[in-house]
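Participant: One structure is given below, represented as structure tokens, and several questions about it will come after.
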Amino acid sequence: MVEFLQNSFKLDSAGNPIRIGYGYGIRDSFYEAQGVYSILRHCNTWIAEALRTARVQTPRHPSLPILLLPKARSNC
């Protein structure tokens, strides 16, 4: 799962993740990512893919976080 997360970031020429903005609080940020963002591929599908690498069963096309949280809590 860690490898999946690390491979999700686009990196600059020095190998560092590319920050594109501040997040919702003082301790989080947004970063450039590999792949594309769309109505079919969004944060919930990315989280589901990450959980599947840890062998957590998730819905194939999760549209809401509520579909993922119970699976993560019961398997991690």
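Each chain in the structure tokens gets a letter, A, B, ..., in the order shown, and its residues are numbered from 1; ligands are numbered from 1 in order too.
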Chain A: which residues are alpha helix (DSSP H) by DSSP, as a PyMOL selection string?
Facilitator: chain A and resi 2-7+43-53+69-75
Participant: Could you write those residues out with N, CA, C and O atoms, as a short mmCIF file (atom, residue, chain, number, x, y, z; two decimals), in the first residue's frame?
Facilitator:
```cif
data_model
loop_
_atom_site.label_atom_id
_atom_site.label_comp_id
_atom_site.auth_asym_id
_atom_site.auth_seq_id
_atom_site.Cartn_x
_atom_site.Cartn_y
_atom_site.Cartn_z
N VAL A 2 1.95 1.23 0.76
CA VAL A 2 2.87 2.38 0.78
C VAL A 2 3.45 2.61 -0.60
O VAL A 2 3.51 3.75 -1.07
N GLU A 3 3.83 1.54 -1.28
CA GLU A 3 4.37 1.67 -2.64
C GLU A 3 3.32 2.26 -3.58
O GLU A 3 3.64 3.12 -4.41
N PHE A 4 2.08 1.83 -3.46
CA PHE A 4 1.00 2.38 -4.28
C PHE A 4 0.89 3.88 -4.05
O PHE A 4 0.80 4.66 -5.00
N LEU A 5 0.89 4.30 -2.79
CA LEU A 5 0.77 5.72 -2.46
C LEU A 5 1.96 6.51 -2.99
O LEU A 5 1.79 7.57 -3.59
N GLN A 6 3.16 6.00 -2.79
CA GLN A 6 4.35 6.69 -3.28
C GLN A 6 4.33 6.83 -4.79
O GLN A 6 4.73 7.87 -5.33
N ASN A 7 3.87 5.81 -5.48
CA ASN A 7 3.83 5.84 -6.95
C ASN A 7 2.71 6.72 -7.49
O ASN A 7 2.64 6.96 -8.69
N CYS A 43 -11.27 10.71 -5.97
CA CYS A 43 -10.60 10.37 -4.72
C CYS A 43 -11.08 9.05 -4.12
O CYS A 43 -10.28 8.28 -3.59
N ASN A 44 -12.36 8.74 -4.23
CA ASN A 44 -12.86 7.49 -3.66
C ASN A 44 -12.38 6.27 -4.42
O ASN A 44 -12.10 5.23 -3.83
N THR A 45 -12.27 6.36 -5.75
CA THR A 45 -11.76 5.23 -6.51
C THR A 45 -10.27 5.05 -6.24
O THR A 45 -9.78 3.92 -6.18
N TRP A 46 -9.54 6.17 -6.04
CA TRP A 46 -8.11 6.09 -5.72
C TRP A 46 -7.92 5.41 -4.36
O TRP A 46 -7.06 4.54 -4.21
N ILE A 47 -8.72 5.79 -3.38
CA ILE A 47 -8.63 5.16 -2.05
C ILE A 47 -8.95 3.68 -2.14
O ILE A 47 -8.28 2.85 -1.54
N ALA A 48 -9.98 3.33 -2.92
CA ALA A 48 -10.34 1.92 -3.08
C ALA A 48 -9.19 1.14 -3.71
O ALA A 48 -8.89 0.02 -3.29
N GLU A 49 -8.54 1.71 -4.71
CA GLU A 49 -7.38 1.04 -5.34
C GLU A 49 -6.28 0.83 -4.32
O GLU A 49 -5.65 -0.24 -4.28
N ALA A 50 -6.01 1.84 -3.50
CA ALA A 50 -4.97 1.71 -2.47
C ALA A 50 -5.33 0.62 -1.48
O ALA A 50 -4.47 -0.20 -1.12
N LEU A 51 -6.56 0.58 -1.03
CA LEU A 51 -6.99 -0.46 -0.08
C LEU A 51 -6.89 -1.85 -0.69
O LEU A 51 -6.50 -2.80 -0.01
N ARG A 52 -7.21 -1.97 -1.98
CA ARG A 52 -7.11 -3.28 -2.63
C ARG A 52 -5.68 -3.80 -2.66
O ARG A 52 -5.46 -5.01 -2.61
N THR A 53 -4.69 -2.90 -2.72
CA THR A 53 -3.29 -3.36 -2.69
C THR A 53 -2.95 -3.96 -1.34
O THR A 53 -2.01 -4.73 -1.24
N LEU A 69 -15.26 3.34 4.15
CA LEU A 69 -14.82 3.43 5.55
C LEU A 69 -15.07 2.15 6.35
O LEU A 69 -14.18 1.67 7.04
N PRO A 70 -16.26 1.55 6.29
CA PRO A 70 -16.46 0.32 7.06
C PRO A 70 -15.53 -0.81 6.62
O PRO A 70 -15.03 -1.57 7.44
N LYS A 71 -15.26 -0.90 5.33
CA LYS A 71 -14.34 -1.94 4.82
C LYS A 71 -12.93 -1.71 5.36
O LYS A 71 -12.25 -2.63 5.78
N ALA A 72 -12.48 -0.47 5.34
CA ALA A 72 -11.14 -0.16 5.83
C ALA A 72 -11.04 -0.43 7.32
O ALA A 72 -10.05 -1.02 7.79
N ARG A 73 -12.03 -0.04 8.08
CA ARG A 73 -12.00 -0.24 9.53
C ARG A 73 -12.02 -1.73 9.90
O ARG A 73 -11.37 -2.13 10.85
N SER A 74 -12.75 -2.53 9.18
CA SER A 74 -12.88 -3.94 9.53
C SER A 74 -11.71 -4.78 9.06
O SER A 74 -11.51 -5.88 9.55
N ASN A 75 -10.93 -4.28 8.10
CA ASN A 75 -9.84 -5.07 7.53
C ASN A 75 -8.46 -4.56 7.86
O ASN A 75 -7.47 -5.24 7.58
#
```
Participant: Compile the contact shell of range 9-11 of chain A as a list in words: residues with an atom at most 12 Å away, counting only C-alpha atoms, same-chain residues fewer than 2 positions apart removed.
Facilitator: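 What passes the distance filter is Val2, Glu3, Phe4, Leu5, Gln6, Asn7, Ser13, Ala14, Gly15, Asn16, Pro17, Ile18, Arg19, Ile20, Phe30, Tyr31, Glu32, Ala33, Gln34, Gly35 and Val36 of chain A.
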Participant: I need the strand (DSSP E or B) residues of chain A per DSSP on the backbone, written as number ranges by chain.
Facilitator: A: 9, 11, 17, 19-22, 29-31, 33
Participant: Keeping all heavy atoms, export the residues of the selection given above as a compact mmCIF listing (two decimals), in the first residue's frame.
Facilitator:
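File written: out-v2.txt
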```txt
# COMPACT_ATOMS: atom_id res chain seq x y z
N PHE A 9 2.28 9.91 -6.72
CA PHE A 9 2.73 11.29 -6.85
C PHE A 9 3.53 11.52 -8.13
O PHE A 9 4.34 10.69 -8.52
CB PHE A 9 3.65 11.67 -5.68
CG PHE A 9 2.95 11.76 -4.37
CD1 PHE A 9 3.01 10.72 -3.47
CD2 PHE A 9 2.24 12.90 -4.01
CE1 PHE A 9 2.37 10.81 -2.24
CE2 PHE A 9 1.60 13.00 -2.80
CZ PHE A 9 1.66 11.94 -1.90
N LEU A 11 6.60 13.55 -9.60
CA LEU A 11 7.80 14.04 -8.94
C LEU A 11 8.50 15.10 -9.78
O LEU A 11 8.45 15.05 -11.01
CB LEU A 11 8.75 12.87 -8.67
CG LEU A 11 8.17 11.70 -7.89
CD1 LEU A 11 9.19 10.58 -7.78
CD2 LEU A 11 7.68 12.13 -6.52
N PRO A 17 7.80 15.12 -4.41
CA PRO A 17 6.43 15.36 -4.83
C PRO A 17 6.22 16.85 -5.12
O PRO A 17 6.81 17.71 -4.47
CB PRO A 17 5.60 14.92 -3.62
CG PRO A 17 6.48 14.01 -2.84
CD PRO A 17 7.87 14.51 -3.08
N ARG A 19 4.08 19.95 -4.86
CA ARG A 19 2.94 20.53 -4.14
C ARG A 19 2.29 21.58 -5.02
O ARG A 19 2.96 22.44 -5.58
CB ARG A 19 3.38 21.14 -2.82
CG ARG A 19 2.18 21.56 -1.99
CD ARG A 19 2.57 21.92 -0.60
NE ARG A 19 2.94 23.33 -0.60
CZ ARG A 19 3.37 23.97 0.45
NH1 ARG A 19 3.55 23.35 1.59
NH2 ARG A 19 3.66 25.25 0.37
N ILE A 20 0.95 21.53 -5.12
CA ILE A 20 0.24 22.48 -5.97
C ILE A 20 -0.64 23.42 -5.16
O ILE A 20 -1.24 24.33 -5.73
CB ILE A 20 -0.60 21.76 -7.04
CG1 ILE A 20 -1.59 20.78 -6.41
CG2 ILE A 20 0.29 21.08 -8.05
CD1 ILE A 20 -2.55 20.14 -7.39
N GLY A 21 -0.70 23.23 -3.86
CA GLY A 21 -1.49 24.14 -3.04
C GLY A 21 -1.68 23.62 -1.63
O GLY A 21 -1.38 22.46 -1.33
N TYR A 22 -2.14 24.51 -0.79
CA TYR A 22 -2.41 24.12 0.59
C TYR A 22 -3.73 23.39 0.66
O TYR A 22 -4.63 23.61 -0.14
CB TYR A 22 -2.43 25.36 1.49
CG TYR A 22 -1.06 25.98 1.63
CD1 TYR A 22 -0.72 27.11 0.90
CD2 TYR A 22 -0.12 25.41 2.45
CE1 TYR A 22 0.54 27.66 1.01
CE2 TYR A 22 1.15 25.95 2.57
CZ TYR A 22 1.47 27.08 1.84
OH TYR A 22 2.72 27.63 1.95
N SER A 29 -1.68 19.36 2.36
CA SER A 29 -1.45 20.04 1.08
C SER A 29 -1.98 19.18 -0.05
O SER A 29 -2.24 18.00 0.12
CB SER A 29 0.05 20.27 0.86
OG SER A 29 0.58 21.10 1.85
N PHE A 30 -2.10 19.79 -1.23
CA PHE A 30 -2.46 19.08 -2.44
C PHE A 30 -1.21 18.91 -3.29
O PHE A 30 -0.37 19.80 -3.34
CB PHE A 30 -3.53 19.85 -3.23
CG PHE A 30 -4.85 19.92 -2.53
CD1 PHE A 30 -5.27 21.08 -1.92
CD2 PHE A 30 -5.69 18.81 -2.48
CE1 PHE A 30 -6.49 21.15 -1.27
CE2 PHE A 30 -6.91 18.86 -1.84
CZ PHE A 30 -7.31 20.04 -1.23
N TYR A 31 -1.11 17.76 -3.96
CA TYR A 31 0.06 17.44 -4.76
C TYR A 31 -0.36 16.97 -6.14
O TYR A 31 -1.43 16.40 -6.32
CB TYR A 31 0.88 16.34 -4.09
CG TYR A 31 1.54 16.78 -2.81
CD1 TYR A 31 0.86 16.72 -1.60
CD2 TYR A 31 2.82 17.29 -2.82
CE1 TYR A 31 1.44 17.14 -0.43
CE2 TYR A 31 3.43 17.72 -1.65
CZ TYR A 31 2.73 17.64 -0.45
OH TYR A 31 3.31 18.07 0.70
N ALA A 33 -0.52 14.49 -9.15
CA ALA A 33 -0.64 13.04 -9.09
C ALA A 33 -0.48 12.42 -10.47
O ALA A 33 -0.64 13.09 -11.49
CB ALA A 33 -2.00 12.66 -8.52
```
